[in-house]
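Shown here: protein_22.cif, mmCIF, C-alpha atoms.
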data_structure
#
loop_
_atom_site.label_atom_id
_atom_site.label_comp_id
_atom_site.auth_asym_id
_atom_site.auth_seq_id
_atom_site.Cartn_x
_atom_site.Cartn_y
_atom_site.Cartn_z
CA MET A 1180 89.05 130.79 130.82
CA THR A 1181 87.16 127.54 130.43
CA GLN A 1182 84.24 127.24 132.83
CA PRO A 1183 84.38 124.14 135.05
CA LEU A 1184 81.79 121.46 134.49
CA SER A 1185 78.98 121.38 136.97
CA ARG A 1186 78.15 118.19 138.87
CA ARG A 1187 75.07 117.76 136.72
CA GLN A 1188 77.09 118.17 133.52
CA LEU A 1189 79.64 115.64 134.73
CA LEU A 1190 76.95 113.12 135.54
CA THR A 1191 75.22 113.79 132.23
CA ARG A 1192 78.42 113.31 130.28
CA ALA A 1193 79.79 110.45 132.35
CA GLY A 1194 78.52 107.94 129.81
CA VAL A 1195 80.54 109.51 127.03
CA ILE A 1196 84.08 108.31 126.37
CA GLY A 1197 86.40 111.22 127.05
CA CYS A 1198 89.62 112.36 125.46
CA SER A 1199 92.05 110.29 127.50
CA LEU A 1200 89.56 107.48 127.90
CA ALA A 1201 89.11 107.31 124.16
CA ALA A 1202 92.88 107.16 123.80
CA SER A 1203 93.43 104.84 126.76
CA PRO A 1204 95.00 101.39 126.38
CA LEU A 1205 92.50 100.13 128.96
CA PHE A 1206 89.71 100.05 126.42
CA THR A 1207 89.99 97.35 123.76
CA PRO A 1208 86.48 96.50 122.56
CA MET A 1209 86.32 93.88 119.83
CA THR A 1210 83.76 92.25 117.61
CA PHE A 1211 83.81 89.22 115.31
CA ALA A 1212 81.45 88.34 112.50
CA GLN A 1213 80.96 85.09 110.60
CA ALA A 1214 80.07 85.43 106.92
CA PRO A 1215 79.64 83.24 103.84
CA TRP A 1216 82.82 84.28 102.04
CA ASP A 1217 86.31 82.90 102.42
CA LYS A 1218 88.49 85.99 102.91
CA ARG A 1219 89.04 87.63 106.32
CA LEU A 1220 88.79 91.28 107.34
CA ILE A 1221 90.26 92.76 110.54
CA VAL A 1222 89.51 96.37 111.51
CA ILE A 1223 91.48 98.06 114.30
CA ILE A 1224 90.32 101.44 115.60
CA LEU A 1225 93.29 103.42 116.97
CA ARG A 1226 91.72 105.72 119.54
CA GLY A 1227 93.37 109.02 120.38
CA GLY A 1228 94.54 110.42 117.05
CA MET A 1229 97.62 108.54 115.82
CA ASP A 1230 100.40 110.77 114.49
CA GLY A 1231 100.79 109.42 110.97
CA LEU A 1232 103.62 111.86 110.27
CA ASP A 1233 105.69 110.18 112.98
CA VAL A 1234 104.66 106.61 112.23
CA VAL A 1235 105.45 106.85 108.50
CA ARG A 1236 107.78 109.82 108.20
CA PRO A 1237 108.06 111.81 104.95
CA VAL A 1238 111.78 112.31 105.42
CA GLY A 1239 112.15 113.09 101.72
CA ASP A 1240 109.99 116.19 102.08
CA PRO A 1241 112.43 119.09 102.53
CA THR A 1242 110.17 120.77 105.11
CA TYR A 1243 109.77 117.78 107.41
CA ALA A 1244 113.01 118.02 109.40
CA ALA A 1245 112.38 121.64 110.41
CA LEU A 1246 108.85 120.83 111.58
CA ARG A 1247 110.03 117.85 113.66
CA PRO A 1248 113.55 118.69 114.94
CA ASN A 1249 113.30 116.36 117.96
CA LEU A 1250 110.95 113.66 116.67
CA ASN A 1251 112.80 113.09 113.39
CA THR A 1252 115.31 110.56 114.72
CA PRO A 1253 117.84 109.08 112.27
CA ASP A 1254 117.18 105.39 113.06
CA ALA A 1255 113.91 105.04 111.12
CA PRO A 1256 114.05 102.18 108.56
CA ASP A 1257 113.72 103.35 104.97
CA LEU A 1258 110.59 102.30 103.11
CA ASP A 1259 110.81 103.73 99.61
CA GLY A 1260 113.40 106.49 99.60
CA PHE A 1261 110.88 109.18 100.57
CA PHE A 1262 109.10 107.66 103.58
CA ALA A 1263 110.67 105.97 106.62
CA LEU A 1264 109.04 103.83 109.31
CA HIS A 1265 109.05 104.66 113.02
CA PRO A 1266 111.75 102.55 114.73
CA ALA A 1267 109.19 101.06 117.14
CA LEU A 1268 107.61 99.28 114.15
CA ALA A 1269 110.89 97.88 112.83
CA GLY A 1270 109.56 94.40 113.68
CA LEU A 1271 107.06 94.82 110.82
CA MET A 1272 109.75 95.36 108.18
CA PRO A 1273 109.74 91.64 107.24
CA LEU A 1274 106.04 92.10 106.34
CA TRP A 1275 106.94 95.15 104.24
CA ARG A 1276 109.59 93.17 102.37
CA LYS A 1277 107.14 90.29 101.83
CA GLN A 1278 104.59 92.84 100.52
CA GLU A 1279 102.20 92.14 103.40
CA LEU A 1280 102.26 95.69 104.79
CA SER A 1281 101.18 99.00 103.23
CA PHE A 1282 100.11 102.49 104.27
CA VAL A 1283 97.56 105.01 103.01
CA HIS A 1284 98.82 108.50 103.89
CA ALA A 1285 97.19 111.95 104.01
CA VAL A 1286 93.68 110.57 104.58
CA SER A 1287 90.88 111.54 106.95
CA THR A 1288 87.16 111.31 107.57
CA PRO A 1289 85.08 114.37 106.56
CA TYR A 1290 85.49 115.67 110.14
CA ARG A 1291 87.12 119.10 110.32
CA ASP A 1292 88.19 121.94 112.60
CA LYS A 1293 86.94 121.11 116.12
CA ARG A 1294 89.38 118.20 116.55
CA SER A 1295 87.47 116.54 119.40
CA HIS A 1296 88.00 112.87 120.18
CA PHE A 1297 84.28 112.61 121.01
CA ASP A 1298 83.16 113.80 117.58
CA GLY A 1299 86.07 112.41 115.60
CA GLN A 1300 85.57 108.87 116.79
CA ASP A 1301 81.80 109.11 116.44
CA LEU A 1302 82.16 110.10 112.78
CA LEU A 1303 84.91 107.55 112.08
CA GLU A 1304 82.80 104.67 113.37
CA ALA A 1305 79.47 105.89 112.01
CA GLY A 1306 81.03 106.21 108.56
CA THR A 1307 78.80 109.15 107.64
CA SER A 1308 79.69 112.48 106.05
CA ALA A 1309 78.62 114.61 109.00
CA LEU A 1310 77.68 114.34 112.65
CA GLY A 1311 73.98 114.25 113.43
CA SER A 1312 73.17 112.48 110.16
CA GLY A 1313 70.68 110.19 111.91
CA ALA A 1314 72.72 107.02 111.48
CA ARG A 1315 72.27 104.77 114.53
CA ASP A 1316 74.68 102.04 113.53
CA GLY A 1317 78.29 101.64 112.46
CA TRP A 1318 79.58 101.18 108.94
CA LEU A 1319 80.91 97.67 109.51
CA ASN A 1320 77.56 96.54 110.89
CA ARG A 1321 75.80 98.11 107.90
CA MET A 1322 78.08 96.13 105.61
CA LEU A 1323 77.11 92.90 107.40
CA GLN A 1324 73.44 93.80 107.01
CA GLN A 1325 73.92 93.80 103.24
CA VAL A 1326 75.56 90.37 102.98
CA PRO A 1327 73.18 87.45 102.34
CA GLY A 1328 73.53 84.39 104.52
CA VAL A 1329 74.84 86.05 107.68
CA ALA A 1330 73.32 84.10 110.58
CA ALA A 1331 72.19 85.23 114.02
CA ASP A 1332 75.34 83.98 115.74
CA THR A 1333 77.89 85.56 113.41
CA ALA A 1334 79.03 88.51 115.58
CA PHE A 1335 81.02 88.60 118.81
CA ALA A 1336 81.93 91.76 120.80
CA ILE A 1337 85.01 91.83 123.06
CA GLY A 1338 85.86 94.51 125.60
CA THR A 1339 84.48 96.60 128.43
CA THR A 1340 82.72 99.19 126.25
CA PRO A 1341 80.68 99.08 123.02
CA LEU A 1342 82.41 99.28 119.64
CA PRO A 1343 80.24 101.69 117.62
CA VAL A 1344 81.65 100.65 114.24
CA LEU A 1345 79.85 97.31 114.71
CA GLU A 1346 76.70 98.49 116.47
CA GLY A 1347 73.48 97.90 114.58
CA SER A 1348 70.90 95.29 113.72
CA ALA A 1349 73.47 92.60 112.94
CA PRO A 1350 73.57 90.67 116.24
CA VAL A 1351 76.67 90.81 118.44
CA ALA A 1352 77.65 88.46 121.30
CA ASN A 1353 80.12 89.48 124.02
CA TRP A 1354 83.51 88.27 125.27
CA ALA A 1355 85.95 90.19 127.48
CA PRO A 1356 89.66 89.60 128.12
CA GLU A 1357 90.54 88.84 131.72
CA ALA A 1358 92.14 92.21 132.48
CA ASN A 1359 92.13 93.62 136.00
CA LEU A 1360 91.25 97.31 135.71
CA ARG A 1361 92.52 99.50 138.50
CA LEU A 1362 89.74 102.07 137.99
CA SER A 1363 86.14 101.43 137.11
CA PRO A 1364 85.03 102.55 133.64
CA GLN A 1365 82.89 105.26 135.28
CA ALA A 1366 85.86 106.63 137.22
CA GLN A 1367 87.97 106.68 134.08
CA ARG A 1368 85.26 108.52 132.17
CA LEU A 1369 85.00 111.17 134.84
CA ALA A 1370 88.78 111.59 135.00
CA ALA A 1371 88.96 111.97 131.24
CA LEU A 1372 86.13 114.51 131.19
CA VAL A 1373 87.73 116.61 133.91
CA MET A 1374 91.06 116.61 132.03
CA GLU A 1375 89.65 116.99 128.53
CA GLU A 1376 90.38 120.70 128.21
CA ASP A 1377 93.99 120.38 129.40
CA PRO A 1378 96.23 118.57 126.85
CA ALA A 1379 99.09 118.17 129.32
CA LEU A 1380 96.84 116.54 131.94
CA HIS A 1381 95.10 114.08 129.65
CA ALA A 1382 98.40 113.14 127.98
CA ALA A 1383 99.84 112.50 131.44
CA LEU A 1384 96.83 110.33 132.32
CA ALA A 1385 97.27 108.24 129.17
CA GLU A 1386 100.97 107.78 129.91
CA ALA A 1387 100.30 106.86 133.55
CA GLN A 1388 97.80 104.22 132.50
CA MET A 1389 100.30 102.77 130.05
CA LEU A 1390 103.08 102.73 132.66
CA SER A 1391 100.84 101.11 135.27
CA GLY A 1392 100.53 97.99 133.13
CA ALA A 1393 96.79 98.48 132.68
CA GLY A 1394 95.17 95.56 130.97
CA GLN A 1395 97.61 93.03 132.45
CA ASP A 1396 96.20 89.79 133.85
CA SER A 1397 97.70 86.78 135.58
CA LYS A 1398 96.91 84.19 132.90
CA GLY A 1399 96.72 85.18 129.28
CA GLY A 1400 98.98 88.23 129.13
CA ARG A 1401 98.01 91.79 128.36
CA ALA A 1402 94.52 92.44 127.04
CA HIS A 1403 95.65 93.10 123.47
CA GLN A 1404 97.50 89.77 123.42
CA GLN A 1405 94.42 87.90 124.59
CA ILE A 1406 92.34 89.67 121.96
CA ALA A 1407 94.77 88.89 119.13
CA ARG A 1408 94.99 85.21 120.09
CA TYR A 1409 91.23 84.89 120.45
CA ALA A 1410 90.69 86.71 117.14
CA ALA A 1411 93.06 84.38 115.33
CA ALA A 1412 91.35 81.32 116.77
CA ARG A 1413 87.92 82.52 115.65
CA LEU A 1414 89.11 83.61 112.21
CA ARG A 1415 90.69 80.22 111.63
CA GLY A 1416 87.17 78.85 111.97
CA ASP A 1417 83.85 80.33 110.87
CA ALA A 1418 84.43 84.00 111.71
CA ARG A 1419 85.23 86.26 108.79
CA VAL A 1420 85.36 89.75 110.31
CA ALA A 1421 87.07 90.95 113.49
CA ALA A 1422 87.13 94.50 114.83
CA PHE A 1423 88.78 95.85 117.96
CA SER A 1424 90.29 99.05 119.30
CA LEU A 1425 93.66 100.02 120.74
CA GLY A 1426 94.20 103.20 122.73
CA GLY A 1427 97.11 105.32 123.84
CA TRP A 1428 97.56 107.48 120.71
CA ASP A 1429 96.99 110.92 122.25
CA THR A 1430 100.54 112.28 122.31
CA HIS A 1431 100.44 115.92 123.43
CA GLY A 1432 103.69 115.54 125.37
CA VAL A 1433 106.84 113.38 125.54
CA GLN A 1434 105.80 111.70 122.30
CA HIS A 1435 109.18 109.99 122.02
CA ARG A 1436 108.21 107.95 125.11
CA VAL A 1437 104.44 107.54 124.71
CA LEU A 1438 104.10 106.72 121.02
CA PRO A 1439 106.62 103.84 120.92
CA ARG A 1440 104.64 101.98 123.60
CA SER A 1441 101.45 102.22 121.57
CA LEU A 1442 103.27 101.21 118.40
CA GLN A 1443 104.74 98.19 120.18
CA THR A 1444 101.23 97.15 121.22
CA LEU A 1445 100.01 97.51 117.64
CA GLN A 1446 102.99 95.63 116.24
CA ASP A 1447 102.54 92.89 118.84
CA SER A 1448 98.86 92.55 117.90
CA ILE A 1449 99.58 92.30 114.17
CA LEU A 1450 102.33 89.71 114.62
CA LEU A 1451 100.23 87.64 117.05
CA LEU A 1452 97.37 87.68 114.56
CA LYS A 1453 99.68 86.59 111.76
CA ASP A 1454 101.16 83.76 113.79
CA GLY A 1455 97.79 82.66 115.14
CA LEU A 1456 96.11 82.64 111.74
CA GLY A 1457 98.79 80.56 110.09
CA ASP A 1458 100.06 81.01 106.56
CA GLU A 1459 96.91 79.79 104.80
CA VAL A 1460 94.40 82.08 106.55
CA TRP A 1461 96.83 85.02 106.80
CA GLY A 1462 97.24 84.72 103.05
CA LYS A 1463 93.60 85.67 102.53
CA THR A 1464 93.38 88.30 105.28
CA ALA A 1465 93.24 92.09 105.02
CA LEU A 1466 93.84 94.11 108.19
CA ILE A 1467 93.15 97.84 108.34
CA ALA A 1468 94.04 100.13 111.24
CA MET A 1469 92.48 103.60 111.25
CA THR A 1470 92.30 106.59 113.58
CA GLU A 1471 89.91 109.53 114.07
CA PHE A 1472 92.34 112.23 112.92
CA GLY A 1473 96.04 112.98 112.58
CA ARG A 1474 98.13 115.48 114.50
CA THR A 1475 99.77 118.84 113.94
CA ALA A 1476 102.63 119.00 111.45
CA ARG A 1477 104.80 120.88 113.93
CA GLU A 1478 105.88 119.37 117.21
CA ASN A 1479 104.86 121.45 120.23
CA GLY A 1480 106.84 122.81 123.16
CA ALA A 1481 106.03 119.76 125.30
CA GLY A 1482 107.76 117.37 122.93
CA GLY A 1483 104.50 116.16 121.43
CA THR A 1484 101.91 117.02 118.82
CA ASP A 1485 98.35 118.31 119.12
CA HIS A 1486 95.09 117.25 117.51
CA GLY A 1487 95.24 117.65 113.73
CA THR A 1488 93.43 116.63 110.55
CA GLY A 1489 95.16 114.51 107.90
CA GLY A 1490 96.16 111.08 109.19
CA MET A 1491 97.12 107.64 107.97
CA MET A 1492 95.70 104.12 107.55
CA ILE A 1493 97.80 100.98 108.06
CA LEU A 1494 97.18 97.86 105.95
CA ALA A 1495 98.54 94.38 106.65
CA GLY A 1496 97.87 90.80 105.68
CA GLY A 1497 98.63 88.29 102.97
CA GLY A 1498 95.58 89.45 101.04
CA ILE A 1499 96.71 93.04 100.53
CA LYS A 1500 98.90 94.44 97.76
CA GLY A 1501 101.74 95.32 100.10
CA GLY A 1502 105.07 97.09 99.95
CA GLN A 1503 103.43 100.36 98.87
CA ILE A 1504 102.57 103.77 100.29
CA HIS A 1505 99.39 105.06 98.73
CA ALA A 1506 99.26 108.85 98.86
CA ARG A 1507 98.65 112.02 96.87
CA TRP A 1508 101.26 113.82 98.92
CA PRO A 1509 100.15 117.43 99.62
CA GLY A 1510 103.49 118.78 100.86
CA LEU A 1511 104.37 120.32 104.20
CA THR A 1512 105.11 123.97 103.51
CA GLU A 1513 102.93 126.33 105.51
CA ALA A 1514 100.83 127.08 102.43
CA ASP A 1515 100.30 123.34 101.86
CA LEU A 1516 99.05 122.63 105.39
CA TYR A 1517 95.39 122.56 106.35
CA GLN A 1518 94.74 125.83 108.21
CA ARG A 1519 98.53 126.26 108.16
CA ARG A 1520 98.91 123.67 110.92
CA ASP A 1521 97.85 120.14 109.86
CA LEU A 1522 98.66 117.66 107.14
CA MET A 1523 96.19 118.36 104.34
CA PRO A 1524 93.88 115.38 103.65
CA THR A 1525 93.90 114.41 99.98
CA ALA A 1526 91.63 111.35 100.24
CA ASP A 1527 88.72 110.04 102.31
CA VAL A 1528 89.73 107.19 104.61
CA ARG A 1529 86.27 105.68 104.10
CA ALA A 1530 87.02 105.13 100.41
CA SER A 1531 89.97 102.88 101.23
CA ALA A 1532 87.84 100.89 103.66
CA ALA A 1533 85.06 100.62 101.07
CA TRP A 1534 87.36 99.28 98.35
CA ILE A 1535 88.73 96.69 100.75
CA MET A 1536 85.22 95.56 101.72
CA ARG A 1537 84.30 95.34 98.06
CA GLY A 1538 87.26 93.07 97.43
CA ILE A 1539 86.83 91.00 100.60
CA ALA A 1540 83.06 90.51 100.68
CA GLY A 1541 81.99 91.46 97.15
CA VAL A 1542 79.68 94.26 98.33
CA ASN A 1543 78.19 96.28 95.48
CA ARG A 1544 79.74 99.72 94.94
CA GLY A 1545 76.35 101.43 95.01
CA VAL A 1546 75.56 99.79 98.36
CA LEU A 1547 78.91 100.91 99.76
CA GLU A 1548 78.46 104.52 98.59
CA ASN A 1549 74.81 104.89 99.56
CA THR A 1550 74.22 102.58 102.51
CA VAL A 1551 77.45 101.54 104.19
CA PHE A 1552 79.07 104.97 103.77
CA PRO A 1553 76.19 107.31 102.86
CA GLY A 1554 77.29 110.07 100.51
CA LEU A 1555 80.74 108.63 99.80
CA ASP A 1556 82.36 108.87 96.36
CA MET A 1557 84.77 105.92 96.27
CA GLY A 1558 86.63 107.30 93.27
CA SER A 1559 88.85 105.03 91.19
CA ASP A 1560 90.06 101.68 92.52
CA PRO A 1561 93.38 102.23 94.38
CA LYS A 1562 94.26 98.50 93.99
CA LEU A 1563 94.80 97.87 97.71
CA LEU A 1564 94.17 94.10 97.47
CA LEU A 1565 95.75 91.32 95.47
#

Starting from the file, give its structure as structure tokens.
Amino acid sequence: MTQPLSRRQLLTRAGVIGCSLAASPLFTPMTFAQAPWDKRLIVIILRGGMDGLDVVRPVGDPTYAALRPNLNTPDAPDLDGFFALHPALAGLMPLWRKQELSFVHAVSTPYRDKRSHFDGQDLLEAGTSALGSGARDGWLNRMLQQVPGVAADTAFAIGTTPLPVLEGSAPVANWAPEANLRLSPQAQRLAALVMEEDPALHAALAEAQMLSGAGQDSKGGRAHQQIARYAAARLRGDARVAAFSLGGWDTHGVQHRVLPRSLQTLQDSILLLKDGLGDEVWGKTALIAMTEFGRTARENGAGGTDHGTGGMMILAGGGIKGGQIHARWPGLTEADLYQRRDLMPTADVRASAAWIMRGIAGVNRGVLENTVFPGLDMGSDPKLLL
């Protein structure tokens, strides 16, 4: 039996973003950066462990249907004859057909085994090979540190909490959407910490926050809509990099209800960005959405999936080489799964991000492998950009 946290432990850990908090749609931190190149880069952190196997379904794998008897609905739009898209993202199919949408499947950070949102997100945003590596900044900030000509007013942070991927010596200003939170950030942290060890409870908390309309304001719409509109306005001007996070991806139960809401928020954000940027700027934009880990290959008894390993990256924008699914597909038989439970990662998600930054900002490969992502082997160019 798990021992309850003491009052002192709760207070000590209250500053740490918990499982449901990390996955919560309440928290949408965002950062912009101005840089002396012409292309745009948007990074979206999907907090909570997005289920890549549900979002882009390998329906052509003969094992998939048996693993997902209830989640494998027949109304998923076909992508390439092997993979199909979750119906809640059907609004992005025009981007797929215009080759402005792609996916990188069966990827992960080097994080393994413990499957904690705390550690998984820390490693994702630090961009290092292991926890406790001594890195005090995020990989996107380290990239900005390596670009000549970045001025003191080139970075802007949006949201109620820090965005570690952009923490570092590159300066960051702050802007927050006008969302009325029903709970203080401290109360949400404590609630998440208390519920962390019970998947059913923290999944219920995430769903309740989504249903309550958290992030809604009386003027500019939901928080993610304000963020997308503001991002587009900045990127039409001097800003070149935008990063923000979307929560609500922790789907331990009733995934058929919870996941579509999060996917709708993501789809809404992408389409608002596209419309706000206009054809010219969208045409030289690369958007990447990444998550800390995937989820179990098998659905659980609560109609959801649990924390896993191999996940998926989403790419969008007029600057990407779209209409493709990049994957070395590992298969889904029990022998193919990682620890006989998770999608086996066949590539490092950091490598995809590194190749995109190389194409967008012209960062040297050696700098990317040794400084931005210490210890990374980028491998061969996957040709993610035009």

*Tell me, as a list in words, which residues lie within 6 Å of region 1494-1504 of chain A, counting only C-alpha atoms; anything in the same chain fewer than 6 positions away does not count.*
Trp1275, Gln1278, Glu1279, Leu1280, Ser1281, Phe1282, Val1283, Trp1461, Gly1462, Lys1463, Thr1464, Ala1465, Leu1466, Ile1467, Leu1563, Leu1564 and Leu1565 of chain A

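Applied to the file shown here, the PyMOL selection byres ((chain A and resi 1428) around 8) selects Ala1202, Ser1203, Leu1225, Arg1226, Gly1227, Gly1228, Met1229, Asp1230, Gly1426, Gly1427, Asp1429, Thr1430, Val1437, Leu1438 and Ser1441 of chain A.
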
Include C-alpha atoms and write out the residues we just selected as an mmCIF file, in the coordinates of the input.
data_model
loop_
_atom_site.group_PDB
_atom_site.id
_atom_site.type_symbol
_atom_site.label_atom_id
_atom_site.label_comp_id
_atom_site.auth_asym_id
_atom_site.auth_seq_id
_atom_site.Cartn_x
_atom_site.Cartn_y
_atom_site.Cartn_z
ATOM 1 C CA ALA A 1202 92.880 107.160 123.800
ATOM 2 C CA SER A 1203 93.430 104.840 126.760
ATOM 3 C CA LEU A 1225 93.290 103.420 116.970
ATOM 4 C CA ARG A 1226 91.720 105.720 119.540
ATOM 5 C CA GLY A 1227 93.370 109.020 120.380
ATOM 6 C CA GLY A 1228 94.540 110.420 117.050
ATOM 7 C CA MET A 1229 97.620 108.540 115.820
ATOM 8 C CA ASP A 1230 100.400 110.770 114.490
ATOM 9 C CA GLY A 1426 94.200 103.200 122.730
ATOM 10 C CA GLY A 1427 97.110 105.320 123.840
ATOM 11 C CA ASP A 1429 96.990 110.920 122.250
ATOM 12 C CA THR A 1430 100.540 112.280 122.310
ATOM 13 C CA VAL A 1437 104.440 107.540 124.710
ATOM 14 C CA LEU A 1438 104.100 106.720 121.020
ATOM 15 C CA SER A 1441 101.450 102.220 121.570
#

_So the first atom is CA of Thr1242 (chain A) and the second is CA of Leu1445 (chain A); what is the distance between them in Å, to one decimal place?_
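That distance, rounded to one decimal, is 28.3 Å.
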
_Given all atoms listed in the file as the basis, pick out the residue of A:Tyr1517, A:Val1420, A:Glu1548, A:Gly1489 nearest to Ala1530 (chain A)._
A:Glu1548

*Skipping near chain neighbours, those fewer than 6 positions away, what residues fall within 10 Å of Gly1482 (chain A) using all atoms listed in the file, listed as a list in words?*
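Non-adjacent residues within range: Arg1247, Pro1248, Asn1249, Leu1250, Thr1430, His1431, Gly1432, Val1433, Gln1434, His1435 and Arg1436 of chain A.
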
*Could you pull the residues within 12 Å of Gly1317 (chain A), counting only C-alpha atoms, minus those fewer than 2 positions along the same chain, as a ChimeraX atom specification?*
/A:1300-1307,1313-1315,1319-1324,1341-1349,1422,1550-1553

C-alpha atoms of the current selection, written as a short mmCIF file (atom, residue, chain, number, x, y, z; two decimals), in the coordinates of the input:
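Saved to selection_2.cif:
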data_model
loop_
_atom_site.label_atom_id
_atom_site.label_comp_id
_atom_site.auth_asym_id
_atom_site.auth_seq_id
_atom_site.Cartn_x
_atom_site.Cartn_y
_atom_site.Cartn_z
CA GLN A 1300 85.57 108.87 116.79
CA ASP A 1301 81.80 109.11 116.44
CA LEU A 1302 82.16 110.10 112.78
CA LEU A 1303 84.91 107.55 112.08
CA GLU A 1304 82.80 104.67 113.37
CA ALA A 1305 79.47 105.89 112.01
CA GLY A 1306 81.03 106.21 108.56
CA THR A 1307 78.80 109.15 107.64
CA GLY A 1313 70.68 110.19 111.91
CA ALA A 1314 72.72 107.02 111.48
CA ARG A 1315 72.27 104.77 114.53
CA LEU A 1319 80.91 97.67 109.51
CA ASN A 1320 77.56 96.54 110.89
CA ARG A 1321 75.80 98.11 107.90
CA MET A 1322 78.08 96.13 105.61
CA LEU A 1323 77.11 92.90 107.40
CA GLN A 1324 73.44 93.80 107.01
CA PRO A 1341 80.68 99.08 123.02
CA LEU A 1342 82.41 99.28 119.64
CA PRO A 1343 80.24 101.69 117.62
CA VAL A 1344 81.65 100.65 114.24
CA LEU A 1345 79.85 97.31 114.71
CA GLU A 1346 76.70 98.49 116.47
CA GLY A 1347 73.48 97.90 114.58
CA SER A 1348 70.90 95.29 113.72
CA ALA A 1349 73.47 92.60 112.94
CA ALA A 1422 87.13 94.50 114.83
CA THR A 1550 74.22 102.58 102.51
CA VAL A 1551 77.45 101.54 104.19
CA PHE A 1552 79.07 104.97 103.77
CA PRO A 1553 76.19 107.31 102.86
#
